[in-house]
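See below for the structure under consideration.
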Amino acid sequence: MTENTAPAGVDSTGSADAGGPGRGSRRLRADAQRNIDSLLEAAKAVFGTSGVDAPAKEIADLAGVGVGTLYRHFPQRSDLVKAVFQREVDACADAAPALSAAHEPVVALAKWLHRYTEFIATKRGLAAALHSGDPAFDALPGYFMQRLGPALGSLLEAATASGEIRAGISPKDLLYAVANLCMPVTDEGVAYSQRMVALLIDGLRYGAGTSQARS
């Protein structure tokens, strides 16, 4: 993927900016953000079915934009992969406070872990790219833990304080445990991973009363 060379004031479809500097720039920013959102949604879907090396045109067509628009916002394929990954991590992290506000602590924890399971199990193409050795992805493992560690930590803390989850479990260990349960299994999909994680959640309850008494 290379830089788009559309002249200033003309978008990738050839339409000139109009309406004055203030109005035009605001509209351009809004249009650009809509295009970015559409591209990221399309890339997420295409990566899930065709892999991260899918043709740019397939992504652009699904997003309803021109290939030039894709190139303009994401000059390199690694830029698009990173943006999709970060967007999905952010959505998963942001779900934690909403679930905590809507459910009892252990239910919020279980629902978040199932959401995280879906994220891991359906993003295997992204995971392969992130572990490809490309230096463009070097910062993403840290971003993953920086966002998801505190999100899961708050849910774990609340569930442990309620007495329904055993103490002494770190967010990092639980994130990695779920990721291991999401390893591909022949002829099995995300539903299988969800069942395995449900067993893990049941295991978190074991000895909860004992660990609370000792603490």
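For the structure tokens, the naming scheme is as follows: chains receive sequential letters (A, B, ...) according to their order of presentation, residues are indexed from 1 within each chain, and ligands are indexed from 1 in presentation order.
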
>> For range 125-140 of chain A, find every residue with an atom within 8 Å (counting only C-alpha atoms), except residues of its own chain fewer than 3 positions away, and show them as a PyMOL selection string.
In response: chain A and resi 47-48+51-52+78+81-82+85-86+143-144

Show me, as a CSV table (one decimal) with N, CA, C and O atoms, in the first residue's frame, the residues that have an atom within 9 Å of range 151-166 of chain A when counting only C-alpha atoms, minus same-chain residues fewer than 2 positions from it.
```
chain,number,residue,atom,x,y,z
A,92,CYS,N,-13.0,-3.7,23.8
A,92,CYS,CA,-13.0,-4.7,24.8
A,92,CYS,C,-12.7,-4.1,26.2
A,92,CYS,O,-13.4,-4.3,27.2
A,93,ALA,N,-11.8,-3.2,26.3
A,93,ALA,CA,-11.4,-2.5,27.5
A,93,ALA,C,-12.6,-1.6,28.0
A,93,ALA,O,-12.9,-1.6,29.2
A,94,ASP,N,-13.2,-0.9,27.1
A,94,ASP,CA,-14.3,0.0,27.4
A,94,ASP,C,-15.5,-0.7,27.9
A,94,ASP,O,-16.4,-0.1,28.5
A,95,ALA,N,-15.7,-2.0,27.5
A,95,ALA,CA,-16.8,-2.7,27.9
A,95,ALA,C,-16.8,-3.0,29.4
A,95,ALA,O,-17.9,-3.2,30.0
A,96,ALA,N,-15.7,-3.0,30.1
A,96,ALA,CA,-15.6,-3.4,31.5
A,96,ALA,C,-16.4,-2.5,32.4
A,96,ALA,O,-17.2,-3.0,33.2
A,97,PRO,N,-16.2,-1.2,32.4
A,97,PRO,CA,-17.0,-0.3,33.3
A,97,PRO,C,-18.5,-0.4,33.0
A,97,PRO,O,-19.4,-0.4,33.9
A,99,LEU,N,-20.2,-3.1,31.9
A,99,LEU,CA,-20.7,-4.3,32.4
A,99,LEU,C,-20.7,-4.3,33.9
A,99,LEU,O,-21.6,-4.8,34.6
A,100,SER,N,-19.7,-3.7,34.5
A,100,SER,CA,-19.7,-3.5,36.0
A,100,SER,C,-20.9,-2.7,36.5
A,100,SER,O,-21.4,-3.0,37.6
A,104,GLU,N,-24.0,-7.8,38.6
A,104,GLU,CA,-23.3,-8.1,39.8
A,104,GLU,C,-21.9,-8.5,39.4
A,104,GLU,O,-21.6,-8.9,38.3
A,105,PRO,N,-20.9,-8.3,40.4
A,105,PRO,CA,-19.5,-8.4,40.0
A,105,PRO,C,-19.1,-9.7,39.3
A,105,PRO,O,-18.4,-9.7,38.3
A,106,VAL,N,-19.6,-10.9,39.8
A,106,VAL,CA,-19.1,-12.1,39.1
A,106,VAL,C,-19.8,-12.3,37.7
A,106,VAL,O,-19.1,-12.8,36.8
A,107,VAL,N,-21.0,-11.8,37.6
A,107,VAL,CA,-21.6,-11.8,36.3
A,107,VAL,C,-20.9,-10.9,35.3
A,107,VAL,O,-20.7,-11.2,34.1
A,108,ALA,N,-20.5,-9.7,35.8
A,108,ALA,CA,-19.8,-8.7,34.9
A,108,ALA,C,-18.5,-9.3,34.5
A,108,ALA,O,-18.1,-9.2,33.3
A,109,LEU,N,-17.8,-10.0,35.4
A,109,LEU,CA,-16.5,-10.7,35.1
A,109,LEU,C,-16.7,-11.7,34.0
A,109,LEU,O,-15.9,-11.8,33.0
A,112,TRP,N,-17.5,-10.2,30.6
A,112,TRP,CA,-16.3,-9.6,30.0
A,112,TRP,C,-15.4,-10.7,29.5
A,112,TRP,O,-14.8,-10.5,28.4
A,113,LEU,N,-15.2,-11.8,30.2
A,113,LEU,CA,-14.3,-12.8,29.8
A,113,LEU,C,-14.8,-13.5,28.5
A,113,LEU,O,-14.0,-13.9,27.6
A,147,ARG,N,-4.1,-1.6,28.2
A,147,ARG,CA,-5.6,-1.4,28.1
A,147,ARG,C,-6.4,-2.5,28.8
A,147,ARG,O,-7.3,-2.2,29.6
A,148,LEU,N,-6.0,-3.7,28.6
A,148,LEU,CA,-6.9,-4.8,29.1
A,148,LEU,C,-6.5,-5.2,30.5
A,148,LEU,O,-7.4,-5.7,31.2
A,149,GLY,N,-5.3,-5.1,30.9
A,149,GLY,CA,-4.9,-5.4,32.3
A,149,GLY,C,-5.7,-4.7,33.3
A,149,GLY,O,-6.3,-5.3,34.2
A,168,GLY,N,-6.0,-13.9,44.7
A,168,GLY,CA,-4.7,-14.3,44.3
A,168,GLY,C,-4.5,-14.5,42.8
A,168,GLY,O,-3.5,-15.1,42.3
A,169,ILE,N,-5.5,-14.1,42.0
A,169,ILE,CA,-5.4,-14.3,40.5
A,169,ILE,C,-5.1,-12.9,39.9
A,169,ILE,O,-5.7,-11.9,40.1
A,170,SER,N,-4.0,-12.9,39.1
A,170,SER,CA,-3.6,-11.7,38.4
A,170,SER,C,-4.3,-11.5,37.1
A,170,SER,O,-4.6,-12.5,36.4
A,171,PRO,N,-4.6,-10.3,36.7
A,171,PRO,CA,-5.2,-10.0,35.4
A,171,PRO,C,-4.3,-10.6,34.3
A,171,PRO,O,-4.8,-11.2,33.3
A,172,LYS,N,-3.0,-10.5,34.4
A,172,LYS,CA,-2.1,-11.0,33.3
A,172,LYS,C,-2.2,-12.5,33.2
A,172,LYS,O,-2.4,-13.0,32.0
A,174,LEU,N,-4.8,-14.4,33.9
A,174,LEU,CA,-6.1,-14.7,33.4
A,174,LEU,C,-6.2,-14.4,31.9
A,174,LEU,O,-6.8,-15.2,31.1
A,175,LEU,N,-5.7,-13.3,31.5
A,175,LEU,CA,-5.6,-12.9,30.1
A,175,LEU,C,-4.9,-14.0,29.3
A,175,LEU,O,-5.4,-14.4,28.2
A,201,ILE,N,-14.1,-20.2,34.4
A,201,ILE,CA,-14.8,-19.3,35.3
A,201,ILE,C,-15.3,-20.1,36.5
A,201,ILE,O,-15.3,-19.6,37.6
A,203,GLY,N,-13.9,-22.6,37.7
A,203,GLY,CA,-12.8,-22.9,38.5
A,203,GLY,C,-12.4,-21.7,39.3
A,203,GLY,O,-11.8,-21.8,40.5
A,204,LEU,N,-12.6,-20.5,38.9
A,204,LEU,CA,-12.3,-19.3,39.7
A,204,LEU,C,-13.1,-19.2,40.9
A,204,LEU,O,-12.7,-18.6,41.9
A,205,ARG,N,-14.3,-19.8,40.9
A,205,ARG,CA,-15.2,-19.8,42.1
A,205,ARG,C,-14.7,-20.8,43.2
A,205,ARG,O,-15.0,-20.7,44.3
A,206,TYR,N,-13.9,-21.8,42.7
A,206,TYR,CA,-13.5,-22.9,43.7
A,206,TYR,C,-12.7,-22.3,44.8
A,206,TYR,O,-11.7,-21.6,44.5
A,207,GLY,N,-13.0,-22.6,46.0
A,207,GLY,CA,-12.2,-22.1,47.1
A,207,GLY,C,-12.4,-20.7,47.4
A,207,GLY,O,-11.6,-20.1,48.2
A,208,ALA,N,-13.4,-20.0,46.9
A,208,ALA,CA,-13.5,-18.6,47.1
A,208,ALA,C,-13.7,-18.2,48.6
A,208,ALA,O,-13.1,-17.3,49.1
A,209,GLY,N,-14.6,-19.0,49.2
A,209,GLY,CA,-14.9,-18.7,50.6
A,209,GLY,C,-13.7,-19.0,51.5
A,209,GLY,O,-13.4,-18.2,52.4
A,210,THR,N,-12.9,-20.0,51.2
A,210,THR,CA,-11.7,-20.3,51.9
A,210,THR,C,-10.6,-19.2,51.8
A,210,THR,O,-10.0,-18.7,52.8
A,211,SER,N,-10.4,-18.8,50.5
A,211,SER,CA,-9.4,-17.7,50.3
A,211,SER,C,-9.8,-16.4,51.0
A,211,SER,O,-9.0,-15.7,51.5
A,212,GLN,N,-11.1,-16.1,51.0
A,212,GLN,CA,-11.6,-14.9,51.7
A,212,GLN,C,-11.4,-15.0,53.2
A,212,GLN,O,-11.0,-14.0,53.8
```

>> To test your reading of the structure, identify every residue in range 27-191 of chain A that backbone DSSP assigns to alpha helix (DSSP H), and report it as an MDAnalysis selection string.
In response: chainID A and resid 27:50 56:63 67:73 77:102 105:121 124:130 140:161 171:181 190:191

> Distance CA of Lys44 in chain A-CA of Lys123 in chain A, one decimal place?
Replying inline: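 Between CA of Lys44 in chain A and CA of Lys123 in chain A the gap works out to 8.5 Å.
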
>> I'd like the interatomic distance between CA of Leu181 in chain A and CA of Met196 in chain A, to a tenth of an Å.
In response: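 Between these atoms lies a distance of 6.5 Å.
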
>> Between CA of Ala60 in chain A and CA of Ile120 in chain A, what is the distance in Å, rounded to a tenth?
In response: 24.5 Å
